[in-house]
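Everything below belongs to target_13.cif, which stores mmCIF, C-alpha atoms.
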data_upload
loop_
_atom_site.group_PDB
_atom_site.id
_atom_site.type_symbol
_atom_site.label_atom_id
_atom_site.label_comp_id
_atom_site.auth_asym_id
_atom_site.auth_seq_id
_atom_site.Cartn_x
_atom_site.Cartn_y
_atom_site.Cartn_z
ATOM 1 C CA MET A 1315 -35.740 -63.827 170.722
ATOM 2 C CA THR A 1316 -37.057 -67.082 169.308
ATOM 3 C CA VAL A 1317 -35.192 -69.851 167.505
ATOM 4 C CA ARG A 1318 -36.837 -72.301 165.098
ATOM 5 C CA THR A 1319 -36.295 -75.974 165.997
ATOM 6 C CA VAL A 1320 -37.719 -79.133 164.467
ATOM 7 C CA LEU A 1321 -40.297 -79.287 167.274
ATOM 8 C CA GLY A 1322 -41.245 -75.622 167.089
ATOM 9 C CA ASP A 1323 -39.981 -72.192 168.063
ATOM 10 C CA VAL A 1324 -38.242 -71.815 171.441
ATOM 11 C CA GLU A 1325 -36.947 -68.844 173.389
ATOM 12 C CA GLU A 1326 -34.019 -70.520 175.146
ATOM 13 C CA LEU A 1327 -31.473 -72.978 173.780
ATOM 14 C CA GLY A 1328 -29.008 -73.550 176.606
ATOM 15 C CA ILE A 1329 -25.620 -75.014 175.733
ATOM 16 C CA THR A 1330 -25.524 -75.221 171.946
ATOM 17 C CA TYR A 1331 -23.212 -76.874 169.444
ATOM 18 C CA ALA A 1332 -23.344 -74.675 166.357
ATOM 19 C CA HIS A 1333 -22.216 -77.211 163.740
ATOM 20 C CA GLU A 1334 -23.108 -80.911 163.901
ATOM 21 C CA HIS A 1335 -24.222 -83.765 161.650
ATOM 22 C CA LEU A 1336 -26.505 -86.331 163.242
ATOM 23 C CA PHE A 1337 -28.077 -87.909 160.172
ATOM 24 C CA MET A 1338 -26.823 -88.367 156.610
ATOM 25 C CA THR A 1339 -28.719 -91.198 154.975
ATOM 26 C CA GLY A 1340 -27.847 -90.898 151.275
ATOM 27 C CA GLY A 1341 -26.532 -88.816 148.421
ATOM 28 C CA TRP A 1342 -23.001 -87.515 148.297
ATOM 29 C CA PRO A 1343 -20.800 -88.302 150.192
ATOM 30 C CA VAL A 1344 -22.521 -91.412 151.525
ATOM 31 C CA ARG A 1345 -22.486 -93.249 148.212
ATOM 32 C CA ASN A 1346 -18.752 -92.581 147.831
ATOM 33 C CA GLU A 1347 -17.591 -93.292 151.374
ATOM 34 C CA PRO A 1348 -19.639 -95.438 153.801
ATOM 35 C CA ASP A 1349 -17.994 -93.757 156.803
ATOM 36 C CA TYR A 1350 -20.285 -90.791 156.163
ATOM 37 C CA ARG A 1351 -23.467 -92.855 156.534
ATOM 38 C CA LEU A 1352 -25.172 -91.664 159.708
ATOM 39 C CA ASP A 1353 -28.543 -93.409 159.766
ATOM 40 C CA SER A 1354 -28.831 -94.904 163.241
ATOM 41 C CA LEU A 1355 -31.333 -93.207 165.516
ATOM 42 C CA ASP A 1356 -30.240 -95.405 168.416
ATOM 43 C CA ALA A 1357 -26.591 -94.402 167.988
ATOM 44 C CA ALA A 1358 -27.548 -90.741 167.800
ATOM 45 C CA VAL A 1359 -29.578 -91.079 171.004
ATOM 46 C CA VAL A 1360 -26.553 -92.569 172.776
ATOM 47 C CA GLU A 1361 -24.219 -89.821 171.544
ATOM 48 C CA VAL A 1362 -26.628 -87.055 172.480
ATOM 49 C CA THR A 1363 -27.553 -88.511 175.869
ATOM 50 C CA GLU A 1364 -23.906 -88.775 176.909
ATOM 51 C CA ALA A 1365 -23.332 -85.127 175.986
ATOM 52 C CA GLN A 1366 -26.545 -84.042 177.703
ATOM 53 C CA ARG A 1367 -25.140 -85.372 180.979
ATOM 54 C CA LEU A 1368 -22.495 -82.672 180.621
ATOM 55 C CA GLY A 1369 -25.062 -79.981 179.822
ATOM 56 C CA LEU A 1370 -25.639 -80.107 176.065
ATOM 57 C CA SER A 1371 -29.083 -78.738 175.252
ATOM 58 C CA ALA A 1372 -29.163 -77.885 171.525
ATOM 59 C CA VAL A 1373 -27.417 -78.579 168.225
ATOM 60 C CA VAL A 1374 -27.487 -77.049 164.784
ATOM 61 C CA GLU A 1375 -27.814 -79.998 162.388
ATOM 62 C CA MET A 1376 -25.971 -78.812 159.293
ATOM 63 C CA THR A 1377 -26.873 -81.563 156.796
ATOM 64 C CA PRO A 1378 -28.213 -79.763 153.682
ATOM 65 C CA LEU A 1379 -30.392 -80.763 150.757
ATOM 66 C CA GLY A 1380 -29.145 -83.728 148.756
ATOM 67 C CA PHE A 1381 -27.138 -85.316 151.581
ATOM 68 C CA GLY A 1382 -29.771 -87.569 153.071
ATOM 69 C CA ARG A 1383 -31.042 -85.030 155.555
ATOM 70 C CA SER A 1384 -33.843 -86.638 157.573
ATOM 71 C CA PRO A 1385 -36.479 -84.402 159.184
ATOM 72 C CA SER A 1386 -38.292 -87.428 160.606
ATOM 73 C CA LEU A 1387 -35.170 -88.770 162.337
ATOM 74 C CA MET A 1388 -34.267 -85.322 163.674
ATOM 75 C CA LYS A 1389 -37.755 -84.907 165.032
ATOM 76 C CA GLU A 1390 -37.761 -88.359 166.652
ATOM 77 C CA LEU A 1391 -34.353 -87.705 168.202
ATOM 78 C CA ALA A 1392 -35.616 -84.421 169.643
ATOM 79 C CA GLU A 1393 -38.717 -86.124 171.033
ATOM 80 C CA ARG A 1394 -36.757 -88.987 172.600
ATOM 81 C CA THR A 1395 -33.993 -86.901 174.166
ATOM 82 C CA GLY A 1396 -35.409 -83.404 174.672
ATOM 83 C CA LEU A 1397 -32.588 -81.990 172.551
ATOM 84 C CA HIS A 1398 -33.331 -78.775 170.664
ATOM 85 C CA VAL A 1399 -32.448 -79.489 167.015
ATOM 86 C CA ILE A 1400 -32.082 -76.597 164.585
ATOM 87 C CA ALA A 1401 -32.178 -77.988 161.043
ATOM 88 C CA VAL A 1402 -31.008 -76.326 157.841
ATOM 89 C CA THR A 1403 -32.193 -76.049 154.296
ATOM 90 C CA GLY A 1404 -29.892 -74.978 151.487
ATOM 91 C CA PHE A 1405 -26.798 -76.385 149.864
ATOM 92 C CA HIS A 1406 -23.321 -77.808 150.235
ATOM 93 C CA LYS A 1407 -20.603 -77.088 147.642
ATOM 94 C CA SER A 1408 -22.105 -76.970 144.174
ATOM 95 C CA GLY A 1409 -19.640 -79.526 142.848
ATOM 96 C CA TYR A 1410 -21.353 -82.180 144.959
ATOM 97 C CA TYR A 1411 -24.537 -81.878 142.867
ATOM 98 C CA SER A 1412 -24.962 -83.274 139.373
ATOM 99 C CA ASP A 1413 -25.201 -81.036 136.323
ATOM 100 C CA ALA A 1414 -28.867 -82.008 136.080
ATOM 101 C CA HIS A 1415 -29.723 -80.804 139.601
ATOM 102 C CA TRP A 1416 -32.368 -78.105 139.780
ATOM 103 C CA MET A 1417 -30.029 -75.776 141.685
ATOM 104 C CA HIS A 1418 -28.213 -75.255 138.354
ATOM 105 C CA ARG A 1419 -31.399 -74.775 136.311
ATOM 106 C CA TYR A 1420 -34.155 -73.146 138.382
ATOM 107 C CA SER A 1421 -34.436 -69.377 138.543
ATOM 108 C CA VAL A 1422 -33.390 -67.431 141.629
ATOM 109 C CA ASP A 1423 -37.047 -66.737 142.408
ATOM 110 C CA GLU A 1424 -37.975 -70.418 142.104
ATOM 111 C CA ILE A 1425 -35.142 -71.485 144.406
ATOM 112 C CA THR A 1426 -36.135 -68.781 146.873
ATOM 113 C CA GLU A 1427 -39.678 -70.134 147.061
ATOM 114 C CA LEU A 1428 -38.428 -73.674 147.687
ATOM 115 C CA LEU A 1429 -36.214 -72.496 150.554
ATOM 116 C CA VAL A 1430 -38.929 -70.320 152.098
ATOM 117 C CA ALA A 1431 -41.383 -73.237 152.092
ATOM 118 C CA GLU A 1432 -38.879 -75.404 153.951
ATOM 119 C CA ILE A 1433 -38.692 -72.761 156.685
ATOM 120 C CA ASP A 1434 -42.278 -71.550 156.882
ATOM 121 C CA GLN A 1435 -44.174 -74.755 156.013
ATOM 122 C CA GLY A 1436 -41.900 -77.723 156.693
ATOM 123 C CA MET A 1437 -38.932 -79.603 155.281
ATOM 124 C CA ASP A 1438 -39.302 -82.158 152.516
ATOM 125 C CA GLU A 1439 -38.525 -85.683 153.695
ATOM 126 C CA TYR A 1440 -36.893 -86.361 150.316
ATOM 127 C CA GLY A 1441 -34.591 -83.334 150.459
ATOM 128 C CA LEU A 1442 -36.278 -81.774 147.423
ATOM 129 C CA VAL A 1443 -34.856 -84.377 145.056
ATOM 130 C CA GLY A 1444 -38.409 -84.694 143.683
ATOM 131 C CA PRO A 1445 -40.591 -84.943 141.853
ATOM 132 C CA LEU A 1446 -42.954 -85.414 144.820
ATOM 133 C CA VAL A 1447 -42.703 -83.476 148.085
ATOM 134 C CA ARG A 1448 -43.555 -85.093 151.394
ATOM 135 C CA ARG A 1449 -43.585 -82.128 153.720
ATOM 136 C CA SER A 1450 -42.704 -82.738 157.367
ATOM 137 C CA SER A 1451 -44.074 -80.708 160.245
ATOM 138 C CA ALA A 1452 -40.435 -80.059 161.165
ATOM 139 C CA ARG A 1453 -39.281 -76.682 159.842
ATOM 140 C CA ALA A 1454 -35.754 -75.532 159.041
ATOM 141 C CA GLY A 1455 -34.241 -72.797 161.189
ATOM 142 C CA ALA A 1456 -31.307 -71.691 159.023
ATOM 143 C CA ILE A 1457 -30.174 -71.636 155.378
ATOM 144 C CA LYS A 1458 -26.836 -73.121 154.339
ATOM 145 C CA ILE A 1459 -24.585 -72.019 151.514
ATOM 146 C CA ALA A 1460 -21.106 -73.351 150.764
ATOM 147 C CA THR A 1461 -18.034 -72.141 148.953
ATOM 148 C CA SER A 1462 -15.056 -74.050 147.588
ATOM 149 C CA TYR A 1463 -11.393 -73.513 148.412
ATOM 150 C CA HIS A 1464 -10.616 -69.901 147.510
ATOM 151 C CA SER A 1465 -13.555 -69.777 145.080
ATOM 152 C CA PHE A 1466 -17.325 -69.669 145.085
ATOM 153 C CA GLY A 1467 -17.719 -72.704 142.850
ATOM 154 C CA ARG A 1468 -20.079 -73.175 139.939
ATOM 155 C CA GLY A 1469 -23.325 -71.256 140.297
ATOM 156 C CA VAL A 1470 -22.831 -70.267 143.933
ATOM 157 C CA ALA A 1471 -22.775 -66.535 143.209
ATOM 158 C CA ARG A 1472 -26.271 -66.948 141.743
ATOM 159 C CA LEU A 1473 -27.426 -69.054 144.701
ATOM 160 C CA VAL A 1474 -26.444 -66.231 147.043
ATOM 161 C CA GLY A 1475 -29.379 -64.220 145.705
ATOM 162 C CA ALA A 1476 -31.884 -66.965 146.491
ATOM 163 C CA VAL A 1477 -30.412 -67.712 149.917
ATOM 164 C CA ALA A 1478 -30.376 -64.022 150.828
ATOM 165 C CA ALA A 1479 -33.940 -63.445 149.630
ATOM 166 C CA ALA A 1480 -35.196 -66.422 151.634
ATOM 167 C CA ALA A 1481 -33.294 -65.286 154.722
ATOM 168 C CA ARG A 1482 -34.750 -61.783 154.499
ATOM 169 C CA ARG A 1483 -38.302 -63.099 154.108
ATOM 170 C CA THR A 1484 -38.162 -65.678 156.888
ATOM 171 C CA GLY A 1485 -35.793 -64.064 159.383
ATOM 172 C CA VAL A 1486 -33.508 -67.094 159.743
ATOM 173 C CA PRO A 1487 -29.705 -66.768 159.671
ATOM 174 C CA VAL A 1488 -27.391 -67.895 156.894
ATOM 175 C CA VAL A 1489 -24.897 -70.606 157.853
ATOM 176 C CA THR A 1490 -21.904 -71.371 155.692
ATOM 177 C CA HIS A 1491 -19.298 -73.916 154.730
ATOM 178 C CA CYS A 1492 -16.073 -71.978 154.224
ATOM 179 C CA ASP A 1493 -13.755 -74.550 152.700
ATOM 180 C CA LYS A 1494 -10.463 -74.632 154.660
ATOM 181 C CA GLY A 1495 -11.543 -71.373 156.292
ATOM 182 C CA THR A 1496 -11.397 -69.376 153.049
ATOM 183 C CA MET A 1497 -13.869 -67.030 151.324
ATOM 184 C CA GLY A 1498 -15.155 -65.435 154.519
ATOM 185 C CA HIS A 1499 -15.012 -61.825 153.357
ATOM 186 C CA GLU A 1500 -16.152 -62.748 149.877
ATOM 187 C CA LEU A 1501 -19.265 -64.447 151.260
ATOM 188 C CA LEU A 1502 -20.018 -61.550 153.594
ATOM 189 C CA ASP A 1503 -19.630 -59.097 150.704
ATOM 190 C CA ALA A 1504 -21.906 -61.123 148.419
ATOM 191 C CA LEU A 1505 -24.590 -61.556 151.075
ATOM 192 C CA ALA A 1506 -24.386 -57.888 152.079
ATOM 193 C CA SER A 1507 -24.974 -56.882 148.460
ATOM 194 C CA GLU A 1508 -28.234 -58.864 148.693
ATOM 195 C CA GLY A 1509 -29.346 -57.275 151.955
ATOM 196 C CA VAL A 1510 -28.074 -59.771 154.550
ATOM 197 C CA ALA A 1511 -26.051 -58.120 157.311
ATOM 198 C CA ALA A 1512 -22.888 -59.799 158.587
ATOM 199 C CA ASP A 1513 -24.422 -60.367 162.025
ATOM 200 C CA ARG A 1514 -26.924 -62.721 160.369
ATOM 201 C CA VAL A 1515 -24.145 -64.933 159.027
ATOM 202 C CA VAL A 1516 -22.366 -67.851 160.709
ATOM 203 C CA LEU A 1517 -19.045 -68.709 159.060
ATOM 204 C CA GLY A 1518 -18.394 -72.434 159.431
ATOM 205 C CA HIS A 1519 -15.000 -74.201 159.467
ATOM 206 C CA ILE A 1520 -13.397 -70.820 159.879
ATOM 207 C CA ASP A 1521 -10.924 -72.144 162.457
ATOM 208 C CA HIS A 1522 -9.332 -74.257 159.720
ATOM 209 C CA ASN A 1523 -7.621 -70.958 158.857
ATOM 210 C CA PRO A 1524 -5.864 -70.240 162.185
ATOM 211 C CA ASP A 1525 -4.988 -66.637 161.414
ATOM 212 C CA ALA A 1526 -6.107 -64.450 164.306
ATOM 213 C CA GLY A 1527 -5.925 -61.254 162.282
ATOM 214 C CA TYR A 1528 -8.089 -62.699 159.533
ATOM 215 C CA LEU A 1529 -10.660 -64.058 161.978
ATOM 216 C CA ALA A 1530 -10.755 -60.756 163.853
ATOM 217 C CA SER A 1531 -11.413 -58.875 160.619
ATOM 218 C CA LEU A 1532 -14.461 -61.090 159.998
ATOM 219 C CA ALA A 1533 -15.729 -60.751 163.561
ATOM 220 C CA GLU A 1534 -15.294 -56.980 163.457
ATOM 221 C CA ARG A 1535 -17.792 -56.925 160.589
ATOM 222 C CA GLY A 1536 -20.292 -58.665 162.901
ATOM 223 C CA ALA A 1537 -20.122 -62.224 161.566
ATOM 224 C CA TYR A 1538 -20.236 -65.201 163.894
ATOM 225 C CA LEU A 1539 -17.229 -67.517 163.768
ATOM 226 C CA ALA A 1540 -18.047 -71.214 164.160
ATOM 227 C CA PHE A 1541 -15.034 -73.014 165.586
ATOM 228 C CA ASP A 1542 -15.947 -76.611 164.736
ATOM 229 C CA ARG A 1543 -12.531 -78.334 164.761
ATOM 230 C CA PRO A 1544 -11.912 -79.159 168.475
ATOM 231 C CA GLY A 1545 -10.890 -82.776 168.990
ATOM 232 C CA ARG A 1546 -10.111 -83.493 165.348
ATOM 233 C CA VAL A 1547 -6.382 -83.127 165.768
ATOM 234 C CA LYS A 1548 -5.600 -84.404 162.270
ATOM 235 C CA TYR A 1549 -6.453 -80.852 161.204
ATOM 236 C CA GLY A 1550 -4.369 -79.240 163.948
ATOM 237 C CA PRO A 1551 -4.047 -79.200 167.746
ATOM 238 C CA ASP A 1552 -6.631 -77.839 170.143
ATOM 239 C CA SER A 1553 -3.947 -75.503 171.487
ATOM 240 C CA ALA A 1554 -4.163 -73.508 168.256
ATOM 241 C CA ILE A 1555 -7.891 -72.951 168.799
ATOM 242 C CA VAL A 1556 -7.345 -71.930 172.430
ATOM 243 C CA THR A 1557 -4.826 -69.366 171.223
ATOM 244 C CA LEU A 1558 -7.261 -68.033 168.613
ATOM 245 C CA VAL A 1559 -10.043 -67.695 171.179
ATOM 246 C CA ALA A 1560 -7.673 -65.878 173.551
ATOM 247 C CA GLU A 1561 -6.613 -63.438 170.830
ATOM 248 C CA LEU A 1562 -10.205 -62.730 169.844
ATOM 249 C CA ALA A 1563 -11.162 -62.220 173.490
ATOM 250 C CA GLU A 1564 -8.266 -59.792 173.897
ATOM 251 C CA ARG A 1565 -9.734 -57.800 171.010
ATOM 252 C CA GLU A 1566 -13.158 -57.905 172.735
ATOM 253 C CA LEU A 1567 -14.612 -60.124 170.018
ATOM 254 C CA GLY A 1568 -15.596 -63.065 172.208
ATOM 255 C CA ASP A 1569 -19.259 -62.334 171.514
ATOM 256 C CA ARG A 1570 -18.739 -63.519 167.912
ATOM 257 C CA VAL A 1571 -17.454 -67.020 168.758
ATOM 258 C CA LEU A 1572 -19.462 -70.250 168.486
ATOM 259 C CA PHE A 1573 -18.364 -73.851 169.086
ATOM 260 C CA GLY A 1574 -19.232 -77.188 167.516
ATOM 261 C CA MET A 1575 -17.677 -80.550 166.678
ATOM 262 C CA ASP A 1576 -18.726 -81.297 163.061
ATOM 263 C CA LEU A 1577 -18.673 -85.058 163.686
ATOM 264 C CA ALA A 1578 -19.877 -86.071 160.233
ATOM 265 C CA ARG A 1579 -18.362 -89.574 160.180
ATOM 266 C CA ARG A 1580 -19.230 -92.852 161.850
ATOM 267 C CA SER A 1581 -15.596 -93.101 162.921
ATOM 268 C CA TYR A 1582 -16.074 -89.991 165.090
ATOM 269 C CA TRP A 1583 -18.834 -91.610 167.190
ATOM 270 C CA PRO A 1584 -17.928 -93.772 170.234
ATOM 271 C CA SER A 1585 -21.284 -95.558 169.941
ATOM 272 C CA LEU A 1586 -20.116 -96.779 166.514
ATOM 273 C CA GLY A 1587 -16.575 -97.632 167.626
ATOM 274 C CA GLY A 1588 -14.882 -94.282 167.006
ATOM 275 C CA GLY A 1589 -14.110 -90.960 168.644
ATOM 276 C CA PRO A 1590 -13.820 -88.254 169.924
ATOM 277 C CA GLY A 1591 -17.626 -88.074 170.312
ATOM 278 C CA LEU A 1592 -19.960 -85.247 171.255
ATOM 279 C CA THR A 1593 -18.778 -85.236 174.877
ATOM 280 C CA TYR A 1594 -15.290 -84.058 173.905
ATOM 281 C CA LEU A 1595 -16.142 -80.386 173.583
ATOM 282 C CA LEU A 1596 -17.577 -80.052 177.089
ATOM 283 C CA GLU A 1597 -15.438 -82.673 178.789
ATOM 284 C CA ARG A 1598 -12.014 -81.915 177.323
ATOM 285 C CA PHE A 1599 -11.937 -78.677 175.325
ATOM 286 C CA VAL A 1600 -13.915 -76.275 177.497
ATOM 287 C CA PRO A 1601 -11.777 -77.095 180.582
ATOM 288 C CA ARG A 1602 -8.720 -76.064 178.570
ATOM 289 C CA LEU A 1603 -10.363 -72.711 177.887
ATOM 290 C CA GLU A 1604 -11.235 -72.342 181.557
ATOM 291 C CA ALA A 1605 -7.657 -73.152 182.564
ATOM 292 C CA ALA A 1606 -6.511 -70.403 180.196
ATOM 293 C CA GLY A 1607 -8.789 -67.877 181.912
ATOM 294 C CA LEU A 1608 -11.360 -68.006 179.104
ATOM 295 C CA GLY A 1609 -14.251 -69.510 181.025
ATOM 296 C CA GLU A 1610 -16.604 -66.589 180.483
ATOM 297 C CA VAL A 1611 -15.814 -66.504 176.766
ATOM 298 C CA ALA A 1612 -16.550 -70.239 176.554
ATOM 299 C CA LYS A 1613 -19.857 -69.772 178.365
ATOM 300 C CA ALA A 1614 -20.898 -67.012 175.972
ATOM 301 C CA ALA A 1615 -19.827 -69.058 172.940
ATOM 302 C CA LEU A 1616 -21.981 -71.974 174.077
ATOM 303 C CA ILE A 1617 -25.082 -70.159 175.391
ATOM 304 C CA GLY A 1618 -25.525 -66.459 174.730
ATOM 305 C CA ASN A 1619 -23.869 -66.181 171.331
ATOM 306 C CA PRO A 1620 -25.753 -69.048 169.629
ATOM 307 C CA ARG A 1621 -29.059 -67.810 171.003
ATOM 308 C CA ALA A 1622 -28.404 -64.465 169.313
ATOM 309 C CA ALA A 1623 -26.891 -65.952 166.154
ATOM 310 C CA PHE A 1624 -29.803 -68.311 165.423
ATOM 311 C CA ALA A 1625 -32.674 -66.067 166.541
ATOM 312 C CA LEU A 1626 -35.406 -65.241 164.059
ATOM 313 C CA ARG A 1627 -35.260 -61.607 162.954
ATOM 314 C CA ARG A 1628 -37.861 -60.386 160.509
#

Starting from the coordinates I provided, produce the structure as structure tokens.
Amino acid sequence: MTVRTVLGDVEELGITYAHEHLFMTGGWPVRNEPDYRLDSLDAAVVEVTEAQRLGLSAVVEMTPLGFGRSPSLMKELAERTGLHVIAVTGFHKSGYYSDAHWMHRYSVDEITELLVAEIDQGMDEYGLVGPLVRRSSARAGAIKIATSYHSFGRGVARLVGAVAAAARRTGVPVVTHCDKGTMGHELLDALASEGVAADRVVLGHIDHNPDAGYLASLAERGAYLAFDRPGRVKYGPDSAIVTLVAELAERELGDRVLFGMDLARRSYWPSLGGGPGLTYLLERFVPRLEAAGLGEVAKAALIGNPRAAFALRR
């Protein structure tokens, strides 16, 4: 199995965080809240290097089109640190894009071609805000789509067709933003109707809905569950996530679990005066899983599961 990173395709990832943000240099939400501006390569190197000392080897960089995604900075970070960086193309919630954005106006086929080019040829340094394209040698390795709280949001049902078509053609997985952990089944149903199997879908933020039965029903369909809330206790305690992991493991669904931190604010980075930082997952959260007898599940969620989830499958 191979995985597409910004420096090329690799066969092994090692310890992988499945949902991170390392660079957001413009667009929404940066223009509305400066805390979201992540534009320091030096700070990113510090954050990554500290986590690498604990074993971190790869991250999925989930910044989509229109959010100041930076292929050049991702590539330079990978070159300086040796980190495997899996970048995404695709979209956040449709409400974050203006009415004039091409995602609301282009045909499904036209959007499909734009996404495929980002994966097969290289990502646009401008995030496809146009009119010119400056194509990087760094290629995307996944396609993002996002839903709103208990709804798809404007135009998202139509975007599903383009995202699914691009995923089928290129073999990359679909990664999602499930607002507050909702819309999991609805997304899986919509993608399945367009030919994307559940085991090619990573459901992000799904642990914001700490309902073990609900999460198990998604995992039983084959979807990967990205638990990306550890350390951000304002959304709930880590103990709730440990309990969820234990209940999924008891149902023999540990092979569907992924972990990440989703540290999309400057105030989350110790190098910029905040916390908890990228080290938290390996330094603080994983030991809690090990103490609960979930060490093997944690190992799979960090190594084996992401390698399978993000592998190219044509």

| query | Mind telling me what the PyMOL selection byres ((chain A and resi 1361) around 10) catches here, as JSON, numbers by chain? | reply | {"A": [1336, 1355, 1356, 1357, 1358, 1359, 1360, 1362, 1363, 1364, 1365, 1366, 1583, 1584, 1585, 1586, 1591, 1592, 1593]}

Selection under test: the PyMOL selection byres ((chain A and resi 1446-1459) around 9); residues as an mmCIF file with C-alpha atoms, keeping the file's coordinate frame:
data_model
loop_
_atom_site.group_PDB
_atom_site.id
_atom_site.type_symbol
_atom_site.label_atom_id
_atom_site.label_comp_id
_atom_site.auth_asym_id
_atom_site.auth_seq_id
_atom_site.Cartn_x
_atom_site.Cartn_y
_atom_site.Cartn_z
ATOM 1 C CA VAL A 1317 -35.192 -69.851 167.505
ATOM 2 C CA ARG A 1318 -36.837 -72.301 165.098
ATOM 3 C CA THR A 1319 -36.295 -75.974 165.997
ATOM 4 C CA VAL A 1320 -37.719 -79.133 164.467
ATOM 5 C CA LEU A 1321 -40.297 -79.287 167.274
ATOM 6 C CA GLY A 1322 -41.245 -75.622 167.089
ATOM 7 C CA ASP A 1323 -39.981 -72.192 168.063
ATOM 8 C CA VAL A 1374 -27.487 -77.049 164.784
ATOM 9 C CA MET A 1376 -25.971 -78.812 159.293
ATOM 10 C CA THR A 1377 -26.873 -81.563 156.796
ATOM 11 C CA PRO A 1378 -28.213 -79.763 153.682
ATOM 12 C CA PRO A 1385 -36.479 -84.402 159.184
ATOM 13 C CA SER A 1386 -38.292 -87.428 160.606
ATOM 14 C CA MET A 1388 -34.267 -85.322 163.674
ATOM 15 C CA LYS A 1389 -37.755 -84.907 165.032
ATOM 16 C CA ILE A 1400 -32.082 -76.597 164.585
ATOM 17 C CA ALA A 1401 -32.178 -77.988 161.043
ATOM 18 C CA VAL A 1402 -31.008 -76.326 157.841
ATOM 19 C CA THR A 1403 -32.193 -76.049 154.296
ATOM 20 C CA GLY A 1404 -29.892 -74.978 151.487
ATOM 21 C CA PHE A 1405 -26.798 -76.385 149.864
ATOM 22 C CA HIS A 1406 -23.321 -77.808 150.235
ATOM 23 C CA LYS A 1407 -20.603 -77.088 147.642
ATOM 24 C CA LEU A 1429 -36.214 -72.496 150.554
ATOM 25 C CA ALA A 1431 -41.383 -73.237 152.092
ATOM 26 C CA GLU A 1432 -38.879 -75.404 153.951
ATOM 27 C CA ILE A 1433 -38.692 -72.761 156.685
ATOM 28 C CA ASP A 1434 -42.278 -71.550 156.882
ATOM 29 C CA GLN A 1435 -44.174 -74.755 156.013
ATOM 30 C CA GLY A 1436 -41.900 -77.723 156.693
ATOM 31 C CA MET A 1437 -38.932 -79.603 155.281
ATOM 32 C CA ASP A 1438 -39.302 -82.158 152.516
ATOM 33 C CA GLU A 1439 -38.525 -85.683 153.695
ATOM 34 C CA TYR A 1440 -36.893 -86.361 150.316
ATOM 35 C CA GLY A 1441 -34.591 -83.334 150.459
ATOM 36 C CA LEU A 1442 -36.278 -81.774 147.423
ATOM 37 C CA VAL A 1443 -34.856 -84.377 145.056
ATOM 38 C CA GLY A 1444 -38.409 -84.694 143.683
ATOM 39 C CA PRO A 1445 -40.591 -84.943 141.853
ATOM 40 C CA ALA A 1460 -21.106 -73.351 150.764
ATOM 41 C CA THR A 1461 -18.034 -72.141 148.953
ATOM 42 C CA VAL A 1470 -22.831 -70.267 143.933
ATOM 43 C CA LEU A 1473 -27.426 -69.054 144.701
ATOM 44 C CA VAL A 1474 -26.444 -66.231 147.043
ATOM 45 C CA VAL A 1477 -30.412 -67.712 149.917
ATOM 46 C CA ALA A 1478 -30.376 -64.022 150.828
ATOM 47 C CA ALA A 1480 -35.196 -66.422 151.634
ATOM 48 C CA ALA A 1481 -33.294 -65.286 154.722
ATOM 49 C CA GLY A 1485 -35.793 -64.064 159.383
ATOM 50 C CA VAL A 1486 -33.508 -67.094 159.743
ATOM 51 C CA PRO A 1487 -29.705 -66.768 159.671
ATOM 52 C CA VAL A 1488 -27.391 -67.895 156.894
ATOM 53 C CA VAL A 1489 -24.897 -70.606 157.853
ATOM 54 C CA THR A 1490 -21.904 -71.371 155.692
ATOM 55 C CA HIS A 1491 -19.298 -73.916 154.730
ATOM 56 C CA CYS A 1492 -16.073 -71.978 154.224
ATOM 57 C CA PHE A 1624 -29.803 -68.311 165.423
ATOM 58 C CA ALA A 1625 -32.674 -66.067 166.541
ATOM 59 C CA LEU A 1626 -35.406 -65.241 164.059
#

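Of the residues under consideration (A:Leu1352, A:Val1399, A:Val1515, A:Val1430), A:Leu1352 shows the shortest atom-to-atom contact distance to A:Gly1382 when counting only C-alpha atoms.
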
| request: Step by step: start from the point (-19.9, -69.5, 177.6) in the file's coordinates, keep every protein, DNA or RNA residue that has an atom no farther than 12 Å from it, count all atoms listed in the file, and write the set as number ranges by chain. | output: A: 1328-1331, 1369, 1559, 1568-1573, 1596, 1600-1601, 1603-1604, 1608-1621

| task | Using atom CA of A:Pro1544 and atom CA of A:Gly1495 as the two end points, give the distance in Å to one decimal. | result |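 Pair atom CA of A:Pro1544 / atom CA of A:Gly1495 returns 14.5 Å.
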
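With only the atoms specified (all atoms listed in the file) counting, those residues at most 8 Å away from (-15.7, -75.7, 161.7) are His1333, Gly1518, His1519, Ile1520, Asp1521, His1522, Ala1540, Phe1541, Asp1542, Arg1543, Gly1574, Met1575 and Asp1576 of chain A.
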
Store the residues picked out above, limited to C-alpha atoms, as a CSV table (one decimal), in the frame of the given file.
chain,number,residue,atom,x,y,z
A,1333,HIS,CA,-22.2,-77.2,163.7
A,1518,GLY,CA,-18.4,-72.4,159.4
A,1519,HIS,CA,-15.0,-74.2,159.5
A,1520,ILE,CA,-13.4,-70.8,159.9
A,1521,ASP,CA,-10.9,-72.1,162.5
A,1522,HIS,CA,-9.3,-74.3,159.7
A,1540,ALA,CA,-18.0,-71.2,164.2
A,1541,PHE,CA,-15.0,-73.0,165.6
A,1542,ASP,CA,-15.9,-76.6,164.7
A,1543,ARG,CA,-12.5,-78.3,164.8
A,1574,GLY,CA,-19.2,-77.2,167.5
A,1575,MET,CA,-17.7,-80.6,166.7
A,1576,ASP,CA,-18.7,-81.3,163.1

| said: Which residues would end up in the selection if the PyMOL selection byres ((chain A and resi 1416) around 12) were applied here, given that I need the answer as an MDAnalysis selection string? | reply: chainID A and resid 1379:1380 1405 1408 1411:1415 1417:1422 1424:1425 1428 1442:1445 1469 1473
